[in-house]
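Structure data (mmCIF, N, CA and C atoms) from work00.cif:
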data_work
loop_
_atom_site.label_atom_id
_atom_site.label_comp_id
_atom_site.auth_asym_id
_atom_site.auth_seq_id
_atom_site.Cartn_x
_atom_site.Cartn_y
_atom_site.Cartn_z
N MET A 17 12.57 22.93 -84.76
CA MET A 17 11.30 23.55 -84.95
C MET A 17 10.20 22.57 -84.56
N PHE A 18 9.18 23.10 -83.92
CA PHE A 18 8.05 22.27 -83.48
C PHE A 18 7.13 22.00 -84.65
N THR A 19 6.77 20.74 -84.84
CA THR A 19 5.76 20.38 -85.83
C THR A 19 4.61 19.71 -85.09
N GLN A 20 3.43 20.24 -85.31
CA GLN A 20 2.25 19.74 -84.62
C GLN A 20 1.77 18.46 -85.28
N PRO A 21 1.59 17.39 -84.48
CA PRO A 21 1.06 16.15 -85.07
C PRO A 21 -0.44 16.29 -85.34
N LEU A 22 -0.81 16.21 -86.59
CA LEU A 22 -2.22 16.36 -86.95
C LEU A 22 -2.97 15.04 -86.95
N ASN A 23 -2.24 13.95 -86.85
CA ASN A 23 -2.85 12.63 -86.85
C ASN A 23 -2.15 11.77 -85.80
N PRO A 24 -2.36 12.05 -84.50
CA PRO A 24 -1.59 11.37 -83.46
C PRO A 24 -1.88 9.88 -83.33
N ILE A 25 -3.05 9.43 -83.72
CA ILE A 25 -3.40 8.02 -83.58
C ILE A 25 -2.87 7.20 -84.75
N GLY A 26 -2.74 7.83 -85.91
CA GLY A 26 -2.27 7.12 -87.09
C GLY A 26 -3.39 6.79 -88.06
N ASN A 27 -4.62 6.99 -87.64
CA ASN A 27 -5.79 6.76 -88.48
C ASN A 27 -6.66 8.01 -88.37
N ILE A 28 -6.95 8.64 -89.49
CA ILE A 28 -7.67 9.91 -89.47
C ILE A 28 -9.08 9.77 -88.90
N VAL A 29 -9.73 8.64 -89.12
CA VAL A 29 -11.08 8.43 -88.60
C VAL A 29 -11.04 8.31 -87.07
N LEU A 30 -10.09 7.55 -86.54
CA LEU A 30 -9.98 7.41 -85.09
C LEU A 30 -9.56 8.73 -84.44
N THR A 31 -8.73 9.49 -85.13
CA THR A 31 -8.34 10.80 -84.61
C THR A 31 -9.54 11.73 -84.52
N ALA A 32 -10.39 11.71 -85.54
CA ALA A 32 -11.59 12.54 -85.53
C ALA A 32 -12.56 12.09 -84.43
N LEU A 33 -12.69 10.79 -84.23
CA LEU A 33 -13.57 10.29 -83.17
C LEU A 33 -13.03 10.67 -81.79
N ALA A 34 -11.72 10.62 -81.62
CA ALA A 34 -11.13 11.03 -80.34
C ALA A 34 -11.35 12.52 -80.09
N ALA A 35 -11.32 13.32 -81.15
CA ALA A 35 -11.56 14.75 -81.01
C ALA A 35 -13.03 15.05 -80.69
N LEU A 36 -13.93 14.18 -81.09
CA LEU A 36 -15.36 14.39 -80.84
C LEU A 36 -15.79 14.00 -79.43
N ILE A 37 -15.01 13.20 -78.74
CA ILE A 37 -15.41 12.73 -77.41
C ILE A 37 -15.73 13.87 -76.45
N PRO A 38 -14.86 14.88 -76.28
CA PRO A 38 -15.20 15.96 -75.35
C PRO A 38 -16.43 16.76 -75.76
N ILE A 39 -16.63 16.93 -77.06
CA ILE A 39 -17.80 17.68 -77.54
C ILE A 39 -19.08 16.90 -77.24
N ILE A 40 -19.05 15.61 -77.49
CA ILE A 40 -20.23 14.78 -77.22
C ILE A 40 -20.54 14.75 -75.73
N VAL A 41 -19.49 14.64 -74.90
CA VAL A 41 -19.70 14.65 -73.45
C VAL A 41 -20.34 15.97 -73.02
N LEU A 42 -19.84 17.07 -73.55
CA LEU A 42 -20.40 18.38 -73.19
C LEU A 42 -21.86 18.50 -73.61
N LEU A 43 -22.19 18.04 -74.80
CA LEU A 43 -23.58 18.11 -75.25
C LEU A 43 -24.49 17.22 -74.42
N ILE A 44 -24.01 16.05 -74.05
CA ILE A 44 -24.82 15.16 -73.21
C ILE A 44 -25.05 15.78 -71.84
N LEU A 45 -24.01 16.38 -71.28
CA LEU A 45 -24.16 17.00 -69.96
C LEU A 45 -25.11 18.19 -70.00
N LEU A 46 -25.02 19.00 -71.05
CA LEU A 46 -25.86 20.19 -71.13
C LEU A 46 -27.30 19.86 -71.52
N ALA A 47 -27.47 19.10 -72.58
CA ALA A 47 -28.82 18.86 -73.10
C ALA A 47 -29.48 17.63 -72.49
N GLY A 48 -28.70 16.59 -72.30
CA GLY A 48 -29.30 15.35 -71.79
C GLY A 48 -29.53 15.36 -70.30
N LEU A 49 -28.53 15.78 -69.56
CA LEU A 49 -28.63 15.75 -68.10
C LEU A 49 -29.03 17.10 -67.50
N ARG A 50 -29.18 18.11 -68.36
CA ARG A 50 -29.61 19.46 -67.93
C ARG A 50 -28.72 20.00 -66.80
N MET A 51 -27.42 19.81 -66.95
CA MET A 51 -26.45 20.26 -65.95
C MET A 51 -26.15 21.74 -66.19
N SER A 52 -25.74 22.44 -65.15
CA SER A 52 -25.39 23.84 -65.31
C SER A 52 -24.16 23.98 -66.20
N ALA A 53 -24.06 25.11 -66.89
CA ALA A 53 -23.02 25.30 -67.89
C ALA A 53 -21.62 25.28 -67.29
N TRP A 54 -21.44 25.90 -66.13
CA TRP A 54 -20.09 25.96 -65.56
C TRP A 54 -19.60 24.57 -65.15
N LEU A 55 -20.50 23.75 -64.63
CA LEU A 55 -20.11 22.41 -64.20
C LEU A 55 -19.88 21.50 -65.42
N ALA A 56 -20.72 21.63 -66.43
CA ALA A 56 -20.53 20.84 -67.65
C ALA A 56 -19.23 21.20 -68.34
N THR A 57 -18.87 22.49 -68.33
CA THR A 57 -17.62 22.92 -68.93
C THR A 57 -16.42 22.40 -68.14
N LEU A 58 -16.53 22.39 -66.84
CA LEU A 58 -15.45 21.87 -66.01
C LEU A 58 -15.25 20.37 -66.27
N ILE A 59 -16.32 19.62 -66.29
CA ILE A 59 -16.22 18.19 -66.57
C ILE A 59 -15.73 17.95 -68.00
N GLY A 60 -16.18 18.74 -68.95
CA GLY A 60 -15.72 18.62 -70.33
C GLY A 60 -14.24 18.90 -70.46
N SER A 61 -13.73 19.86 -69.69
CA SER A 61 -12.30 20.15 -69.71
C SER A 61 -11.49 18.99 -69.15
N ILE A 62 -11.98 18.39 -68.10
CA ILE A 62 -11.30 17.23 -67.52
C ILE A 62 -11.29 16.07 -68.50
N VAL A 63 -12.40 15.85 -69.18
CA VAL A 63 -12.47 14.78 -70.18
C VAL A 63 -11.49 15.07 -71.32
N THR A 64 -11.39 16.33 -71.73
CA THR A 64 -10.45 16.71 -72.79
C THR A 64 -9.02 16.39 -72.40
N ILE A 65 -8.65 16.69 -71.17
CA ILE A 65 -7.30 16.40 -70.70
C ILE A 65 -7.07 14.89 -70.66
N LEU A 66 -8.07 14.15 -70.19
CA LEU A 66 -7.93 12.70 -70.11
C LEU A 66 -7.84 12.04 -71.49
N VAL A 67 -8.45 12.63 -72.49
CA VAL A 67 -8.34 12.11 -73.85
C VAL A 67 -7.00 12.50 -74.45
N ALA A 68 -6.50 13.70 -74.15
CA ALA A 68 -5.28 14.20 -74.77
C ALA A 68 -4.02 13.54 -74.23
N ILE A 69 -4.01 13.16 -72.97
CA ILE A 69 -2.79 12.60 -72.36
C ILE A 69 -2.33 11.33 -73.07
N PRO A 70 -3.18 10.34 -73.30
CA PRO A 70 -2.67 9.14 -73.99
C PRO A 70 -2.31 9.41 -75.46
N LEU A 71 -2.93 10.40 -76.07
CA LEU A 71 -2.64 10.70 -77.48
C LEU A 71 -1.31 11.41 -77.67
N CYS A 72 -0.82 12.02 -76.62
CA CYS A 72 0.39 12.81 -76.73
C CYS A 72 1.62 11.93 -77.00
N ARG A 73 1.73 10.82 -76.33
CA ARG A 73 2.83 9.86 -76.50
C ARG A 73 4.20 10.50 -76.41
N GLY A 74 4.42 11.31 -75.41
CA GLY A 74 5.73 11.87 -75.12
C GLY A 74 6.34 12.69 -76.23
N GLY A 75 6.11 13.96 -76.23
CA GLY A 75 6.72 14.81 -77.21
C GLY A 75 5.79 15.83 -77.82
N CYS A 76 4.54 15.82 -77.43
CA CYS A 76 3.60 16.79 -77.99
C CYS A 76 3.75 18.13 -77.31
#
Show how you would write the structure in this file as structure tokens.
Amino acid sequence: MFTQPLNPIGNIVLTALAALIPIIVLLILLAGLRMSAWLATLIGSIVTILVAIPLCRGGC
């Protein structure tokens, strides 16, 4: 049976900060740089994948 790792880093604070990275990037792109929504979403999705890959550690 698959069990989802809720704390992949081992520290709940670092896990929460890692989860906030894509959201912060998206807000900066939309509000700070005034980028169009479709492009900011595309870049935010790429950032999400780049954050998730090292956290997976083979088996997620």
By how many Å are atom CA of A:Leu46 and atom CA of A:Ile28 apart?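 Interatomic distance here is 27.8 Å.
Of the residues under consideration (A:Leu43, A:Met17, A:Ile25, A:Ala34), A:Leu43 shows the shortest atom-to-atom contact distance to A:Gly60 when counting all atoms listed in the file.
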Would you pick out the contacts of A:Val67 at 8 Å or less, using only N, CA and C atoms, so that residues sharing its chain but fewer than 4 positions from it are not included, and give the list as a list in words?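 Counting only the stated atoms, we get Ala34, Ala35, Ile37, Pro38, Ser61, Ile62, Val63, Leu71 and Cys72 of chain A.
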Just give me the gap between atom CA of A:Leu33 and atom CA of A:Ile69 in Å, one decimal is fine.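 Between atom CA of A:Leu33 and atom CA of A:Ile69 the gap works out to 15.4 Å.
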Run the PyMOL selection byres ((chain A and resi 56) around 8) on the file and write out the hits as a PDB file with N, CA and C atoms, in the coordinates of the input.
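Result went into part.pdb, see below:
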ATOM      1  N   VAL A  41     -19.490  14.640 -74.900  1.00  0.00           N
ATOM      2  CA  VAL A  41     -19.700  14.650 -73.450  1.00  0.00           C
ATOM      3  C   VAL A  41     -20.340  15.970 -73.020  1.00  0.00           C
ATOM      4  N   LEU A  42     -19.840  17.070 -73.550  1.00  0.00           N
ATOM      5  CA  LEU A  42     -20.400  18.380 -73.190  1.00  0.00           C
ATOM      6  C   LEU A  42     -21.860  18.500 -73.610  1.00  0.00           C
ATOM      7  N   LEU A  43     -22.190  18.040 -74.800  1.00  0.00           N
ATOM      8  CA  LEU A  43     -23.580  18.110 -75.250  1.00  0.00           C
ATOM      9  C   LEU A  43     -24.490  17.220 -74.420  1.00  0.00           C
ATOM     10  N   ILE A  44     -24.010  16.050 -74.050  1.00  0.00           N
ATOM     11  CA  ILE A  44     -24.820  15.160 -73.210  1.00  0.00           C
ATOM     12  C   ILE A  44     -25.050  15.780 -71.840  1.00  0.00           C
ATOM     13  N   LEU A  45     -24.010  16.380 -71.280  1.00  0.00           N
ATOM     14  CA  LEU A  45     -24.160  17.000 -69.960  1.00  0.00           C
ATOM     15  C   LEU A  45     -25.110  18.190 -70.000  1.00  0.00           C
ATOM     16  N   LEU A  46     -25.020  19.000 -71.050  1.00  0.00           N
ATOM     17  CA  LEU A  46     -25.860  20.190 -71.130  1.00  0.00           C
ATOM     18  C   LEU A  46     -27.300  19.860 -71.520  1.00  0.00           C
ATOM     19  N   MET A  51     -27.420  19.810 -66.950  1.00  0.00           N
ATOM     20  CA  MET A  51     -26.450  20.260 -65.950  1.00  0.00           C
ATOM     21  C   MET A  51     -26.150  21.740 -66.190  1.00  0.00           C
ATOM     22  N   SER A  52     -25.740  22.440 -65.150  1.00  0.00           N
ATOM     23  CA  SER A  52     -25.390  23.840 -65.310  1.00  0.00           C
ATOM     24  C   SER A  52     -24.160  23.980 -66.200  1.00  0.00           C
ATOM     25  N   ALA A  53     -24.060  25.110 -66.890  1.00  0.00           N
ATOM     26  CA  ALA A  53     -23.020  25.300 -67.890  1.00  0.00           C
ATOM     27  C   ALA A  53     -21.620  25.280 -67.290  1.00  0.00           C
ATOM     28  N   TRP A  54     -21.440  25.900 -66.130  1.00  0.00           N
ATOM     29  CA  TRP A  54     -20.090  25.960 -65.560  1.00  0.00           C
ATOM     30  C   TRP A  54     -19.600  24.570 -65.150  1.00  0.00           C
ATOM     31  N   LEU A  55     -20.500  23.750 -64.630  1.00  0.00           N
ATOM     32  CA  LEU A  55     -20.110  22.410 -64.200  1.00  0.00           C
ATOM     33  C   LEU A  55     -19.880  21.500 -65.420  1.00  0.00           C
ATOM     34  N   THR A  57     -18.870  22.490 -68.330  1.00  0.00           N
ATOM     35  CA  THR A  57     -17.620  22.920 -68.930  1.00  0.00           C
ATOM     36  C   THR A  57     -16.420  22.400 -68.140  1.00  0.00           C
ATOM     37  N   LEU A  58     -16.530  22.390 -66.840  1.00  0.00           N
ATOM     38  CA  LEU A  58     -15.450  21.870 -66.010  1.00  0.00           C
ATOM     39  C   LEU A  58     -15.250  20.370 -66.270  1.00  0.00           C
ATOM     40  N   ILE A  59     -16.320  19.620 -66.290  1.00  0.00           N
ATOM     41  CA  ILE A  59     -16.220  18.190 -66.570  1.00  0.00           C
ATOM     42  C   ILE A  59     -15.730  17.950 -68.000  1.00  0.00           C
ATOM     43  N   GLY A  60     -16.180  18.740 -68.950  1.00  0.00           N
ATOM     44  CA  GLY A  60     -15.720  18.620 -70.330  1.00  0.00           C
ATOM     45  C   GLY A  60     -14.240  18.900 -70.460  1.00  0.00           C
ATOM     46  N   SER A  61     -13.730  19.860 -69.690  1.00  0.00           N
ATOM     47  CA  SER A  61     -12.300  20.150 -69.710  1.00  0.00           C
ATOM     48  C   SER A  61     -11.490  18.990 -69.150  1.00  0.00           C
ATOM     49  N   ILE A  62     -11.980  18.390 -68.100  1.00  0.00           N
ATOM     50  CA  ILE A  62     -11.300  17.230 -67.520  1.00  0.00           C
ATOM     51  C   ILE A  62     -11.290  16.070 -68.500  1.00  0.00           C
TER      52      ILE A  62
END
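Between atom CA of A:Gly26 and atom C of A:Thr64 there is a distance of 18.6 Å.
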DSSP alpha helix (DSSP H) selection over chain A, as an MDAnalysis selection string: chainID A and resid 28:43 53:72
Atom completion result for stretch 34-58 of chain A (N, CA, C and O atoms) as a compact mmCIF listing (two decimals), keeping the file's coordinate frame:
# COMPACT_ATOMS: atom_id res chain seq x y z
N ALA A 34 -11.72 10.62 -81.62
CA ALA A 34 -11.13 11.03 -80.34
C ALA A 34 -11.35 12.52 -80.09
O ALA A 34 -11.56 12.94 -78.96
N ALA A 35 -11.32 13.32 -81.15
CA ALA A 35 -11.56 14.75 -81.01
C ALA A 35 -13.03 15.05 -80.69
O ALA A 35 -13.33 16.07 -80.06
N LEU A 36 -13.93 14.18 -81.09
CA LEU A 36 -15.36 14.39 -80.84
C LEU A 36 -15.79 14.00 -79.43
O LEU A 36 -16.85 14.45 -78.98
N ILE A 37 -15.01 13.20 -78.74
CA ILE A 37 -15.41 12.73 -77.41
C ILE A 37 -15.73 13.87 -76.45
O ILE A 37 -16.81 13.87 -75.84
N PRO A 38 -14.86 14.88 -76.28
CA PRO A 38 -15.20 15.96 -75.35
C PRO A 38 -16.43 16.76 -75.76
O PRO A 38 -17.22 17.18 -74.91
N ILE A 39 -16.63 16.93 -77.06
CA ILE A 39 -17.80 17.68 -77.54
C ILE A 39 -19.08 16.90 -77.24
O ILE A 39 -20.08 17.47 -76.79
N ILE A 40 -19.05 15.61 -77.49
CA ILE A 40 -20.23 14.78 -77.22
C ILE A 40 -20.54 14.75 -75.73
O ILE A 40 -21.70 14.85 -75.33
N VAL A 41 -19.49 14.64 -74.90
CA VAL A 41 -19.70 14.65 -73.45
C VAL A 41 -20.34 15.97 -73.02
O VAL A 41 -21.29 15.99 -72.22
N LEU A 42 -19.84 17.07 -73.55
CA LEU A 42 -20.40 18.38 -73.19
C LEU A 42 -21.86 18.50 -73.61
O LEU A 42 -22.70 18.98 -72.83
N LEU A 43 -22.19 18.04 -74.80
CA LEU A 43 -23.58 18.11 -75.25
C LEU A 43 -24.49 17.22 -74.42
O LEU A 43 -25.63 17.59 -74.12
N ILE A 44 -24.01 16.05 -74.05
CA ILE A 44 -24.82 15.16 -73.21
C ILE A 44 -25.05 15.78 -71.84
O ILE A 44 -26.17 15.73 -71.31
N LEU A 45 -24.01 16.38 -71.28
CA LEU A 45 -24.16 17.00 -69.96
C LEU A 45 -25.11 18.19 -70.00
O LEU A 45 -25.92 18.37 -69.09
N LEU A 46 -25.02 19.00 -71.05
CA LEU A 46 -25.86 20.19 -71.13
C LEU A 46 -27.30 19.86 -71.52
O LEU A 46 -28.24 20.31 -70.86
N ALA A 47 -27.47 19.10 -72.58
CA ALA A 47 -28.82 18.86 -73.10
C ALA A 47 -29.48 17.63 -72.49
O ALA A 47 -30.68 17.66 -72.19
N GLY A 48 -28.70 16.59 -72.30
CA GLY A 48 -29.30 15.35 -71.79
C GLY A 48 -29.53 15.36 -70.30
O GLY A 48 -30.61 15.00 -69.83
N LEU A 49 -28.53 15.78 -69.56
CA LEU A 49 -28.63 15.75 -68.10
C LEU A 49 -29.03 17.10 -67.50
O LEU A 49 -29.19 17.20 -66.28
N ARG A 50 -29.18 18.11 -68.36
CA ARG A 50 -29.61 19.46 -67.93
C ARG A 50 -28.72 20.00 -66.80
O ARG A 50 -29.20 20.59 -65.82
N MET A 51 -27.42 19.81 -66.95
CA MET A 51 -26.45 20.26 -65.95
C MET A 51 -26.15 21.74 -66.19
O MET A 51 -26.28 22.24 -67.31
N SER A 52 -25.74 22.44 -65.15
CA SER A 52 -25.39 23.84 -65.31
C SER A 52 -24.16 23.98 -66.20
O SER A 52 -23.30 23.09 -66.27
N ALA A 53 -24.06 25.11 -66.89
CA ALA A 53 -23.02 25.30 -67.89
C ALA A 53 -21.62 25.28 -67.29
O ALA A 53 -20.69 24.70 -67.86
N TRP A 54 -21.44 25.90 -66.13
CA TRP A 54 -20.09 25.96 -65.56
C TRP A 54 -19.60 24.57 -65.15
O TRP A 54 -18.44 24.23 -65.31
N LEU A 55 -20.50 23.75 -64.63
CA LEU A 55 -20.11 22.41 -64.20
C LEU A 55 -19.88 21.50 -65.42
O LEU A 55 -18.93 20.70 -65.43
N ALA A 56 -20.72 21.63 -66.43
CA ALA A 56 -20.53 20.84 -67.65
C ALA A 56 -19.23 21.20 -68.34
O ALA A 56 -18.52 20.33 -68.85
N THR A 57 -18.87 22.49 -68.33
CA THR A 57 -17.62 22.92 -68.93
C THR A 57 -16.42 22.40 -68.14
O THR A 57 -15.41 21.98 -68.73
N LEU A 58 -16.53 22.39 -66.84
CA LEU A 58 -15.45 21.87 -66.01
C LEU A 58 -15.25 20.37 -66.27
O LEU A 58 -14.12 19.91 -66.46
